[in-house]
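Working notes for the structure below.
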Amino acid sequence: MPNKADVKAWKAQLVAQAEQQILKLTDSDQFKKYLNTLAKFHRYSARNIDLIYAQNPQATQVAGFKQWQKAFNRTVKRGAKAIRIAAPIIKKLTPAEQKHLDTTDERAIVGYRYLPVFDVAQTSGEPVLSAKDFVKENLTDHQNVTSLYNAFKDYLNQQTDLKVSEVPLATLNGAKGYFQPSTNEIVIGGDEPDNALKLKTLYHEYAHSQLHGLKSAFKDRPRAYQETQAEAVAYVAMQNIGVDTSNYSLGYVATWAKDKAVIHSALSEIQQVSNKVIELSDGLTKQLGLQEAQKEPEHDLKKLAAQSLNKSYQSLQQQVQQATNPQQKSELKNKLNDVHQKISKRTQKQLQAFAEQNPGIKQPESKLDQSLKR
């Protein structure tokens, strides 16, 4: 059994490991990985995001051993190495402790313990369905991305002290948009043909308004620092709604100072604004009906996934029938066969699960079995 000194050293090593990983974020690929982690775990503390990233940069969804079993009907694979995250130890304060700490709070955090969690890739079982899977599919549609952009723009104009306007791209000297601190105004290139880029630009400039406005504590950051922060927030926000903008540059990442305190401060600022943007976007996508799947129970989500697969099969059937080019027809048939296999496997799994859950139901004998008995 490890003693207190060993445990303390191990905890310090976890944090140090996280800090070392953060210090490596001076190249774009590493920074993208960190931002992907931030988008996936935006409800975690900055400390736990660092810990998750340091131990498993590929993690996409984490939960405790029992939570995987009870909430998701999944089992952690044998030999899987746990990811450790910090959980506060909360104690009820005595009157004497309240007086000593000069607080009226009945409870206070007196320390932290490191709990084991596991990534979804370390588990097996039922598929993990997320409403964002459906949001992603919806937002790949041109009209829906435009709807979200307009809703976000209207929200900023009507519910905040920001003013958002559009001008022709030709007047922006090569930029896609800008934020003007003196007037608290965001200007966007209204005729930008790429709707995903247009939405990302609005997120980028909104991040500037929150981080680098006249009243912001961070308004005096160097230009390269500001651009990297704003681009990071935009990237996280787009990842959150399922739209991949990895082909867009993340800005001046390599110019960041290799100073631990500065980097942690910068990432903390990114997280704060990312959380705000994510909450706003989630609320707007719900209002637009792009997250309706979230309101349905889990079994209905599965039906939606099945309907999508069946729809794809029917569409490919029509394309095969209409195709005149032999090579194109062959490729479509291969795709049709792949979808058919997926549907078949899914059906077999459902039948098997039903049989296991209902052992008392006698399965009908096949014609082959009956003919053999004769």
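Here's how to read the names in the structure tokens: chain A, B, ... by the order shown, residue numbers from 1 in each chain, ligand numbers from 1 in the order shown.
DSSP secondary structure from the backbone places Lys163, Val164, Ser165, Glu166, Val167, Gly177, Tyr178, Phe179, Gln180, Glu185, Ile186, Val187, Ile188 and Gly189 of chain A of range 159-204 of chain A in strand (DSSP E or B).
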Can you write just those residues out, N, CA, C and O atoms, as an mmCIF file, in the first residue's frame?
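Produced file again38.cif, reproduced below:
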```cif
data_model
loop_
_atom_site.group_PDB
_atom_site.id
_atom_site.type_symbol
_atom_site.label_atom_id
_atom_site.label_comp_id
_atom_site.auth_asym_id
_atom_site.auth_seq_id
_atom_site.Cartn_x
_atom_site.Cartn_y
_atom_site.Cartn_z
ATOM 1 N N LYS A 163 -22.873 45.024 -31.921
ATOM 2 C CA LYS A 163 -23.569 45.271 -33.176
ATOM 3 C C LYS A 163 -22.871 44.447 -34.263
ATOM 4 O O LYS A 163 -21.652 44.531 -34.419
ATOM 5 N N VAL A 164 -23.637 43.627 -34.974
ATOM 6 C CA VAL A 164 -23.074 42.799 -36.049
ATOM 7 C C VAL A 164 -23.654 43.267 -37.375
ATOM 8 O O VAL A 164 -24.873 43.344 -37.541
ATOM 9 N N SER A 165 -22.774 43.597 -38.314
ATOM 10 C CA SER A 165 -23.225 44.037 -39.640
ATOM 11 C C SER A 165 -22.431 43.308 -40.714
ATOM 12 O O SER A 165 -21.419 42.658 -40.432
ATOM 13 N N GLU A 166 -22.900 43.413 -41.940
ATOM 14 C CA GLU A 166 -22.236 42.760 -43.071
ATOM 15 C C GLU A 166 -21.843 43.797 -44.125
ATOM 16 O O GLU A 166 -22.564 44.775 -44.341
ATOM 17 N N VAL A 167 -20.695 43.553 -44.752
ATOM 18 C CA VAL A 167 -20.232 44.387 -45.861
ATOM 19 C C VAL A 167 -19.695 43.451 -46.945
ATOM 20 O O VAL A 167 -19.421 42.271 -46.665
ATOM 21 N N GLY A 177 -13.599 39.191 -41.920
ATOM 22 C CA GLY A 177 -14.379 39.986 -40.988
ATOM 23 C C GLY A 177 -13.447 40.635 -39.977
ATOM 24 O O GLY A 177 -12.241 40.414 -40.007
ATOM 25 N N TYR A 178 -13.979 41.457 -39.083
ATOM 26 C CA TYR A 178 -13.158 42.056 -38.044
ATOM 27 C C TYR A 178 -14.039 42.508 -36.876
ATOM 28 O O TYR A 178 -15.261 42.639 -37.009
ATOM 29 N N PHE A 179 -13.383 42.745 -35.735
ATOM 30 C CA PHE A 179 -14.050 43.305 -34.557
ATOM 31 C C PHE A 179 -13.454 44.668 -34.283
ATOM 32 O O PHE A 179 -12.228 44.830 -34.257
ATOM 33 N N GLN A 180 -14.307 45.687 -34.103
ATOM 34 C CA GLN A 180 -13.859 47.051 -33.831
ATOM 35 C C GLN A 180 -14.135 47.377 -32.362
ATOM 36 O O GLN A 180 -15.286 47.635 -31.974
ATOM 37 N N GLU A 185 -18.260 46.676 -32.393
ATOM 38 C CA GLU A 185 -18.953 46.212 -33.603
ATOM 39 C C GLU A 185 -18.191 45.066 -34.268
ATOM 40 O O GLU A 185 -16.960 45.083 -34.363
ATOM 41 N N ILE A 186 -18.954 44.079 -34.726
ATOM 42 C CA ILE A 186 -18.403 42.985 -35.525
ATOM 43 C C ILE A 186 -18.871 43.174 -36.961
ATOM 44 O O ILE A 186 -20.063 43.386 -37.211
ATOM 45 N N VAL A 187 -17.929 43.116 -37.887
ATOM 46 C CA VAL A 187 -18.248 43.267 -39.308
ATOM 47 C C VAL A 187 -17.858 41.975 -40.025
ATOM 48 O O VAL A 187 -16.745 41.482 -39.863
ATOM 49 N N ILE A 188 -18.775 41.414 -40.793
ATOM 50 C CA ILE A 188 -18.577 40.140 -41.490
ATOM 51 C C ILE A 188 -18.727 40.339 -42.996
ATOM 52 O O ILE A 188 -19.576 41.113 -43.451
ATOM 53 N N GLY A 189 -17.904 39.633 -43.770
ATOM 54 C CA GLY A 189 -18.054 39.638 -45.225
ATOM 55 C C GLY A 189 -19.332 38.911 -45.601
ATOM 56 O O GLY A 189 -19.391 37.677 -45.567
#
```
task = Counting only C-alpha atoms, figure out which residue out of A:Gly79, A:Ala232, A:Arg107, A:Gln159 gets nearest to Lys92 in chain A.
result = A:Arg107
query = Which neighbours of Tyr203 in chain A fall inside 7 Å, counting only C-alpha atoms, when residues of the same chain fewer than 4 positions from it are skipped, and could you give them as number ranges by chain?
reply = A: 199, 207, 234
Generate a file of the selected residues that holds all heavy atoms, formatted as an mmCIF file, in the first residue's frame.
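Just written: result_26.cif:
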```cif
data_model
loop_
_atom_site.group_PDB
_atom_site.id
_atom_site.type_symbol
_atom_site.label_atom_id
_atom_site.label_comp_id
_atom_site.auth_asym_id
_atom_site.auth_seq_id
_atom_site.Cartn_x
_atom_site.Cartn_y
_atom_site.Cartn_z
ATOM 1 N N LEU A 199 -19.752 31.281 -40.680
ATOM 2 C CA LEU A 199 -20.128 31.054 -39.287
ATOM 3 C C LEU A 199 -18.896 31.052 -38.392
ATOM 4 O O LEU A 199 -18.895 31.648 -37.310
ATOM 5 C CB LEU A 199 -20.879 29.719 -39.156
ATOM 6 C CG LEU A 199 -21.278 29.288 -37.745
ATOM 7 C CD1 LEU A 199 -22.205 30.319 -37.092
ATOM 8 C CD2 LEU A 199 -21.943 27.916 -37.761
ATOM 9 N N ALA A 207 -15.274 35.968 -30.307
ATOM 10 C CA ALA A 207 -14.226 35.666 -29.321
ATOM 11 C C ALA A 207 -13.361 36.894 -29.065
ATOM 12 O O ALA A 207 -13.016 37.202 -27.914
ATOM 13 C CB ALA A 207 -13.368 34.502 -29.806
ATOM 14 N N ALA A 234 -13.083 29.744 -32.131
ATOM 15 C CA ALA A 234 -13.893 29.456 -33.318
ATOM 16 C C ALA A 234 -13.801 27.984 -33.697
ATOM 17 O O ALA A 234 -14.806 27.347 -34.028
ATOM 18 C CB ALA A 234 -13.431 30.333 -34.488
#
```
Excluding Asn56 in chain A and residues on its chain fewer than 4 positions from it, collect all residues at most 12 Å away from it, counting only C-alpha atoms, and give them as a PDB file with all heavy atoms, in the first residue's frame.
```pdb
ATOM      1  N   GLN A  17       2.848  16.100 -15.799  1.00  0.00           N
ATOM      2  CA  GLN A  17       2.723  15.485 -17.123  1.00  0.00           C
ATOM      3  C   GLN A  17       1.781  16.301 -18.003  1.00  0.00           C
ATOM      4  O   GLN A  17       2.042  16.525 -19.188  1.00  0.00           O
ATOM      5  CB  GLN A  17       2.188  14.056 -16.969  1.00  0.00           C
ATOM      6  CG  GLN A  17       2.105  13.285 -18.284  1.00  0.00           C
ATOM      7  CD  GLN A  17       1.465  11.916 -18.100  1.00  0.00           C
ATOM      8  OE1 GLN A  17       1.050  11.560 -17.002  1.00  0.00           O
ATOM      9  NE2 GLN A  17       1.367  11.164 -19.168  1.00  0.00           N
ATOM     10  N   ALA A  18       0.673  16.766 -17.398  1.00  0.00           N
ATOM     11  CA  ALA A  18      -0.272  17.599 -18.141  1.00  0.00           C
ATOM     12  C   ALA A  18       0.390  18.891 -18.592  1.00  0.00           C
ATOM     13  O   ALA A  18       0.228  19.331 -19.741  1.00  0.00           O
ATOM     14  CB  ALA A  18      -1.486  17.909 -17.271  1.00  0.00           C
ATOM     15  N   GLN A  21       2.634  18.369 -21.551  1.00  0.00           N
ATOM     16  CA  GLN A  21       1.870  18.226 -22.794  1.00  0.00           C
ATOM     17  C   GLN A  21       1.433  19.593 -23.322  1.00  0.00           C
ATOM     18  O   GLN A  21       1.477  19.853 -24.519  1.00  0.00           O
ATOM     19  CB  GLN A  21       0.646  17.335 -22.563  1.00  0.00           C
ATOM     20  CG  GLN A  21       0.967  15.874 -22.318  1.00  0.00           C
ATOM     21  CD  GLN A  21       1.533  15.194 -23.540  1.00  0.00           C
ATOM     22  OE1 GLN A  21       1.220  15.574 -24.666  1.00  0.00           O
ATOM     23  NE2 GLN A  21       2.376  14.206 -23.340  1.00  0.00           N
ATOM     24  N   LYS A  33      -5.143  18.913 -31.656  1.00  0.00           N
ATOM     25  CA  LYS A  33      -5.511  17.790 -30.785  1.00  0.00           C
ATOM     26  C   LYS A  33      -6.031  18.313 -29.452  1.00  0.00           C
ATOM     27  O   LYS A  33      -7.007  17.805 -28.906  1.00  0.00           O
ATOM     28  CB  LYS A  33      -4.308  16.871 -30.565  1.00  0.00           C
ATOM     29  CG  LYS A  33      -3.947  16.032 -31.778  1.00  0.00           C
ATOM     30  CD  LYS A  33      -2.713  15.184 -31.491  1.00  0.00           C
ATOM     31  CE  LYS A  33      -2.293  14.408 -32.733  1.00  0.00           C
ATOM     32  NZ  LYS A  33      -1.045  13.639 -32.485  1.00  0.00           N
ATOM     33  N   TYR A  34      -5.348  19.330 -28.926  1.00  0.00           N
ATOM     34  CA  TYR A  34      -5.790  19.893 -27.645  1.00  0.00           C
ATOM     35  C   TYR A  34      -7.173  20.529 -27.794  1.00  0.00           C
ATOM     36  O   TYR A  34      -8.044  20.354 -26.940  1.00  0.00           O
ATOM     37  CB  TYR A  34      -4.800  20.932 -27.132  1.00  0.00           C
ATOM     38  CG  TYR A  34      -5.234  21.494 -25.790  1.00  0.00           C
ATOM     39  CD1 TYR A  34      -4.924  20.823 -24.609  1.00  0.00           C
ATOM     40  CD2 TYR A  34      -5.983  22.658 -25.713  1.00  0.00           C
ATOM     41  CE1 TYR A  34      -5.348  21.310 -23.386  1.00  0.00           C
ATOM     42  CE2 TYR A  34      -6.412  23.148 -24.494  1.00  0.00           C
ATOM     43  CZ  TYR A  34      -6.087  22.470 -23.339  1.00  0.00           C
ATOM     44  OH  TYR A  34      -6.534  22.955 -22.141  1.00  0.00           O
ATOM     45  N   THR A  37      -9.867  18.045 -27.825  1.00  0.00           N
ATOM     46  CA  THR A  37     -10.141  17.599 -26.460  1.00  0.00           C
ATOM     47  C   THR A  37     -10.999  18.632 -25.744  1.00  0.00           C
ATOM     48  O   THR A  37     -11.962  18.290 -25.054  1.00  0.00           O
ATOM     49  CB  THR A  37      -8.829  17.395 -25.676  1.00  0.00           C
ATOM     50  OG1 THR A  37      -7.996  16.478 -26.384  1.00  0.00           O
ATOM     51  CG2 THR A  37      -9.104  16.838 -24.281  1.00  0.00           C
ATOM     52  N   ASN A  48      -8.897  19.349 -15.355  1.00  0.00           N
ATOM     53  CA  ASN A  48      -9.224  18.001 -15.811  1.00  0.00           C
ATOM     54  C   ASN A  48      -9.078  17.847 -17.324  1.00  0.00           C
ATOM     55  O   ASN A  48      -8.740  16.773 -17.811  1.00  0.00           O
ATOM     56  CB  ASN A  48     -10.631  17.610 -15.360  1.00  0.00           C
ATOM     57  CG  ASN A  48     -10.656  17.120 -13.932  1.00  0.00           C
ATOM     58  OD1 ASN A  48      -9.660  16.616 -13.422  1.00  0.00           O
ATOM     59  ND2 ASN A  48     -11.786  17.279 -13.266  1.00  0.00           N
ATOM     60  N   ILE A  49      -9.322  18.921 -18.071  1.00  0.00           N
ATOM     61  CA  ILE A  49      -9.078  18.868 -19.519  1.00  0.00           C
ATOM     62  C   ILE A  49      -7.596  18.606 -19.764  1.00  0.00           C
ATOM     63  O   ILE A  49      -7.212  17.788 -20.599  1.00  0.00           O
ATOM     64  CB  ILE A  49      -9.523  20.177 -20.208  1.00  0.00           C
ATOM     65  CG1 ILE A  49     -11.045  20.284 -20.189  1.00  0.00           C
ATOM     66  CG2 ILE A  49      -9.016  20.232 -21.651  1.00  0.00           C
ATOM     67  CD1 ILE A  49     -11.579  21.606 -20.671  1.00  0.00           C
ATOM     68  N   ASP A  50      -6.750  19.301 -19.002  1.00  0.00           N
ATOM     69  CA  ASP A  50      -5.303  19.094 -19.115  1.00  0.00           C
ATOM     70  C   ASP A  50      -4.935  17.649 -18.775  1.00  0.00           C
ATOM     71  O   ASP A  50      -4.132  17.013 -19.466  1.00  0.00           O
ATOM     72  CB  ASP A  50      -4.555  20.034 -18.163  1.00  0.00           C
ATOM     73  CG  ASP A  50      -4.582  21.486 -18.631  1.00  0.00           C
ATOM     74  OD1 ASP A  50      -5.124  21.726 -19.732  1.00  0.00           O
ATOM     75  OD2 ASP A  50      -4.077  22.351 -17.918  1.00  0.00           O
ATOM     76  N   LEU A  51      -5.535  17.118 -17.707  1.00  0.00           N
ATOM     77  CA  LEU A  51      -5.220  15.757 -17.270  1.00  0.00           C
ATOM     78  C   LEU A  51      -5.667  14.722 -18.307  1.00  0.00           C
ATOM     79  O   LEU A  51      -4.945  13.774 -18.608  1.00  0.00           O
ATOM     80  CB  LEU A  51      -5.892  15.464 -15.925  1.00  0.00           C
ATOM     81  CG  LEU A  51      -5.275  16.160 -14.708  1.00  0.00           C
ATOM     82  CD1 LEU A  51      -6.157  15.966 -13.478  1.00  0.00           C
ATOM     83  CD2 LEU A  51      -3.873  15.627 -14.441  1.00  0.00           C
ATOM     84  N   ILE A  52      -6.864  14.895 -18.856  1.00  0.00           N
ATOM     85  CA  ILE A  52      -7.374  13.964 -19.873  1.00  0.00           C
ATOM     86  C   ILE A  52      -6.476  13.993 -21.095  1.00  0.00           C
ATOM     87  O   ILE A  52      -6.067  12.949 -21.625  1.00  0.00           O
ATOM     88  CB  ILE A  52      -8.826  14.319 -20.262  1.00  0.00           C
ATOM     89  CG1 ILE A  52      -9.773  14.036 -19.094  1.00  0.00           C
ATOM     90  CG2 ILE A  52      -9.271  13.516 -21.488  1.00  0.00           C
ATOM     91  CD1 ILE A  52     -11.153  14.646 -19.263  1.00  0.00           C
ATOM     92  N   THR A  60     -12.417  10.607 -26.449  1.00  0.00           N
ATOM     93  CA  THR A  60     -13.575  11.308 -27.007  1.00  0.00           C
ATOM     94  C   THR A  60     -14.729  11.428 -26.024  1.00  0.00           C
ATOM     95  O   THR A  60     -15.502  12.371 -26.074  1.00  0.00           O
ATOM     96  CB  THR A  60     -14.097  10.593 -28.264  1.00  0.00           C
ATOM     97  OG1 THR A  60     -14.459   9.255 -27.921  1.00  0.00           O
ATOM     98  CG2 THR A  60     -13.044  10.575 -29.363  1.00  0.00           C
ATOM     99  N   GLN A  61     -14.872  10.443 -25.118  1.00  0.00           N
ATOM    100  CA  GLN A  61     -15.932  10.510 -24.117  1.00  0.00           C
ATOM    101  C   GLN A  61     -15.520   9.641 -22.942  1.00  0.00           C
ATOM    102  O   GLN A  61     -15.223   8.467 -23.108  1.00  0.00           O
ATOM    103  CB  GLN A  61     -17.263  10.006 -24.684  1.00  0.00           C
ATOM    104  CG  GLN A  61     -18.409  10.145 -23.704  1.00  0.00           C
ATOM    105  CD  GLN A  61     -19.738   9.741 -24.309  1.00  0.00           C
ATOM    106  OE1 GLN A  61     -19.813   9.425 -25.486  1.00  0.00           O
ATOM    107  NE2 GLN A  61     -20.789   9.747 -23.513  1.00  0.00           N
ATOM    108  N   VAL A  62     -15.488  10.228 -21.755  1.00  0.00           N
ATOM    109  CA  VAL A  62     -15.036   9.461 -20.592  1.00  0.00           C
ATOM    110  C   VAL A  62     -16.146   9.326 -19.560  1.00  0.00           C
ATOM    111  O   VAL A  62     -17.017  10.194 -19.444  1.00  0.00           O
ATOM    112  CB  VAL A  62     -13.790  10.091 -19.930  1.00  0.00           C
ATOM    113  CG1 VAL A  62     -12.619  10.119 -20.879  1.00  0.00           C
ATOM    114  CG2 VAL A  62     -14.096  11.477 -19.389  1.00  0.00           C
ATOM    115  N   LYS A  81      -6.282   0.854 -19.178  1.00  0.00           N
ATOM    116  CA  LYS A  81      -5.621   1.747 -18.232  1.00  0.00           C
ATOM    117  C   LYS A  81      -6.487   2.970 -17.979  1.00  0.00           C
ATOM    118  O   LYS A  81      -6.866   3.685 -18.905  1.00  0.00           O
ATOM    119  CB  LYS A  81      -4.256   2.180 -18.782  1.00  0.00           C
ATOM    120  CG  LYS A  81      -3.434   2.991 -17.791  1.00  0.00           C
ATOM    121  CD  LYS A  81      -2.081   3.360 -18.389  1.00  0.00           C
ATOM    122  CE  LYS A  81      -1.256   4.189 -17.410  1.00  0.00           C
ATOM    123  NZ  LYS A  81       0.047   4.583 -17.990  1.00  0.00           N
ATOM    124  N   ALA A  82      -6.791   3.217 -16.724  1.00  0.00           N
ATOM    125  CA  ALA A  82      -7.687   4.315 -16.364  1.00  0.00           C
ATOM    126  C   ALA A  82      -7.038   5.672 -16.605  1.00  0.00           C
ATOM    127  O   ALA A  82      -5.825   5.830 -16.510  1.00  0.00           O
ATOM    128  CB  ALA A  82      -8.105   4.198 -14.900  1.00  0.00           C
ATOM    129  N   ILE A  83      -7.882   6.652 -16.920  1.00  0.00           N
ATOM    130  CA  ILE A  83      -7.484   8.061 -16.977  1.00  0.00           C
ATOM    131  C   ILE A  83      -7.890   8.652 -15.624  1.00  0.00           C
ATOM    132  O   ILE A  83      -9.005   8.420 -15.162  1.00  0.00           O
ATOM    133  CB  ILE A  83      -8.222   8.794 -18.115  1.00  0.00           C
ATOM    134  CG1 ILE A  83      -7.888   8.167 -19.473  1.00  0.00           C
ATOM    135  CG2 ILE A  83      -7.891  10.288 -18.118  1.00  0.00           C
ATOM    136  CD1 ILE A  83      -8.806   8.633 -20.589  1.00  0.00           C
ATOM    137  N   ARG A  84      -7.014   9.398 -15.005  1.00  0.00           N
ATOM    138  CA  ARG A  84      -7.322   9.955 -13.690  1.00  0.00           C
ATOM    139  C   ARG A  84      -7.727  11.421 -13.801  1.00  0.00           C
ATOM    140  O   ARG A  84      -7.024  12.210 -14.443  1.00  0.00           O
ATOM    141  CB  ARG A  84      -6.103   9.829 -12.773  1.00  0.00           C
ATOM    142  CG  ARG A  84      -5.687   8.389 -12.500  1.00  0.00           C
ATOM    143  CD  ARG A  84      -6.523   7.754 -11.418  1.00  0.00           C
ATOM    144  NE  ARG A  84      -6.241   6.334 -11.262  1.00  0.00           N
ATOM    145  CZ  ARG A  84      -6.692   5.600 -10.263  1.00  0.00           C
ATOM    146  NH1 ARG A  84      -7.457   6.154  -9.345  1.00  0.00           N
ATOM    147  NH2 ARG A  84      -6.412   4.316 -10.185  1.00  0.00           N
ATOM    148  N   ILE A  85      -8.867  11.762 -13.194  1.00  0.00           N
ATOM    149  CA  ILE A  85      -9.302  13.163 -13.155  1.00  0.00           C
ATOM    150  C   ILE A  85      -9.488  13.580 -11.698  1.00  0.00           C
ATOM    151  O   ILE A  85      -9.720  12.748 -10.825  1.00  0.00           O
ATOM    152  CB  ILE A  85     -10.601  13.398 -13.948  1.00  0.00           C
ATOM    153  CG1 ILE A  85     -11.753  12.562 -13.357  1.00  0.00           C
ATOM    154  CG2 ILE A  85     -10.409  13.091 -15.422  1.00  0.00           C
ATOM    155  CD1 ILE A  85     -13.103  12.905 -13.952  1.00  0.00           C
ATOM    156  N   VAL A 117     -11.419   7.149 -14.663  1.00  0.00           N
ATOM    157  CA  VAL A 117     -12.442   7.131 -15.710  1.00  0.00           C
ATOM    158  C   VAL A 117     -11.845   6.439 -16.932  1.00  0.00           C
ATOM    159  O   VAL A 117     -10.625   6.274 -17.035  1.00  0.00           O
ATOM    160  CB  VAL A 117     -12.927   8.552 -16.078  1.00  0.00           C
ATOM    161  CG1 VAL A 117     -13.677   9.196 -14.934  1.00  0.00           C
ATOM    162  CG2 VAL A 117     -11.761   9.438 -16.518  1.00  0.00           C
ATOM    163  N   PHE A 118     -12.713   6.040 -17.864  1.00  0.00           N
ATOM    164  CA  PHE A 118     -12.261   5.317 -19.049  1.00  0.00           C
ATOM    165  C   PHE A 118     -12.877   5.932 -20.297  1.00  0.00           C
ATOM    166  O   PHE A 118     -14.017   6.408 -20.276  1.00  0.00           O
ATOM    167  CB  PHE A 118     -12.651   3.836 -18.958  1.00  0.00           C
ATOM    168  CG  PHE A 118     -12.044   3.123 -17.787  1.00  0.00           C
ATOM    169  CD1 PHE A 118     -12.677   3.124 -16.554  1.00  0.00           C
ATOM    170  CD2 PHE A 118     -10.828   2.472 -17.910  1.00  0.00           C
ATOM    171  CE1 PHE A 118     -12.114   2.478 -15.460  1.00  0.00           C
ATOM    172  CE2 PHE A 118     -10.250   1.836 -16.828  1.00  0.00           C
ATOM    173  CZ  PHE A 118     -10.897   1.833 -15.602  1.00  0.00           C
ATOM    174  N   ASP A 119     -12.109   5.946 -21.380  1.00  0.00           N
ATOM    175  CA  ASP A 119     -12.599   6.471 -22.652  1.00  0.00           C
ATOM    176  C   ASP A 119     -13.510   5.442 -23.306  1.00  0.00           C
ATOM    177  O   ASP A 119     -13.383   4.230 -23.078  1.00  0.00           O
ATOM    178  CB  ASP A 119     -11.413   6.785 -23.568  1.00  0.00           C
ATOM    179  CG  ASP A 119     -11.870   7.327 -24.913  1.00  0.00           C
ATOM    180  OD1 ASP A 119     -12.720   8.242 -24.919  1.00  0.00           O
ATOM    181  OD2 ASP A 119     -11.404   6.829 -25.946  1.00  0.00           O
ATOM    182  N   VAL A 120     -14.426   5.904 -24.150  1.00  0.00           N
ATOM    183  CA  VAL A 120     -15.363   5.009 -24.835  1.00  0.00           C
ATOM    184  C   VAL A 120     -14.625   3.948 -25.658  1.00  0.00           C
ATOM    185  O   VAL A 120     -15.088   2.812 -25.801  1.00  0.00           O
ATOM    186  CB  VAL A 120     -16.332   5.822 -25.729  1.00  0.00           C
ATOM    187  CG1 VAL A 120     -15.576   6.547 -26.842  1.00  0.00           C
ATOM    188  CG2 VAL A 120     -17.406   4.914 -26.328  1.00  0.00           C
ATOM    189  N   ALA A 121     -13.433   4.279 -26.187  1.00  0.00           N
ATOM    190  CA  ALA A 121     -12.659   3.316 -26.977  1.00  0.00           C
ATOM    191  C   ALA A 121     -12.149   2.156 -26.124  1.00  0.00           C
ATOM    192  O   ALA A 121     -11.769   1.115 -26.652  1.00  0.00           O
ATOM    193  CB  ALA A 121     -11.478   4.021 -27.650  1.00  0.00           C
ATOM    194  N   GLN A 122     -12.163   2.338 -24.796  1.00  0.00           N
ATOM    195  CA  GLN A 122     -11.714   1.288 -23.885  1.00  0.00           C
ATOM    196  C   GLN A 122     -12.879   0.424 -23.414  1.00  0.00           C
ATOM    197  O   GLN A 122     -12.730  -0.398 -22.525  1.00  0.00           O
ATOM    198  CB  GLN A 122     -11.032   1.913 -22.662  1.00  0.00           C
ATOM    199  CG  GLN A 122      -9.767   2.710 -22.982  1.00  0.00           C
ATOM    200  CD  GLN A 122      -9.236   3.455 -21.765  1.00  0.00           C
ATOM    201  OE1 GLN A 122      -9.891   4.341 -21.226  1.00  0.00           O
ATOM    202  NE2 GLN A 122      -8.055   3.073 -21.319  1.00  0.00           N
TER     203      GLN A 122
END
```
request  = Figure out the distance between CA of His264 in chain A and CA of Leu115 in chain A, please, to one decimal in Å.
outcome  =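 CA of His264 in chain A lies at a distance of 22.8 Å from CA of Leu115 in chain A.
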DSSP helix (DSSP H, G or I) selection over range 200-240 of chain A, as a VMD selection string = chain A and resid 200 to 211 223 to 240
message = Applying 8 Å and only C-alpha atoms, which residues near range 283-289 of chain A remain after dropping the ones on its own chain fewer than 6 positions away? List them as a list in words.
response =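 The filter keeps Val135, Ser147, Leu148, Ala151 and Phe152 of chain A.
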message = List the spatial neighbours of Val110 in chain A as a ChimeraX atom specification - criterion: any atom at most 9 Å away, only C-alpha atoms, same-chain residues fewer than 3 positions off excluded.
response = /A:88-91
inquiry  = Counting only C-alpha atoms, which residue out of A:Gln69, A:Asn36, A:Thr324, A:Ser216 sits closest to Asn240 in chain A?
reply    =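 Comparing A:Gln69, A:Asn36, A:Thr324, A:Ser216 against Asn240 in chain A, the winner is A:Asn36.
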remark   = For Leu214 in chain A, the closest of A:Pro181, A:Asp338, A:Leu93, A:Asp105 counting only C-alpha atoms is A:Pro181
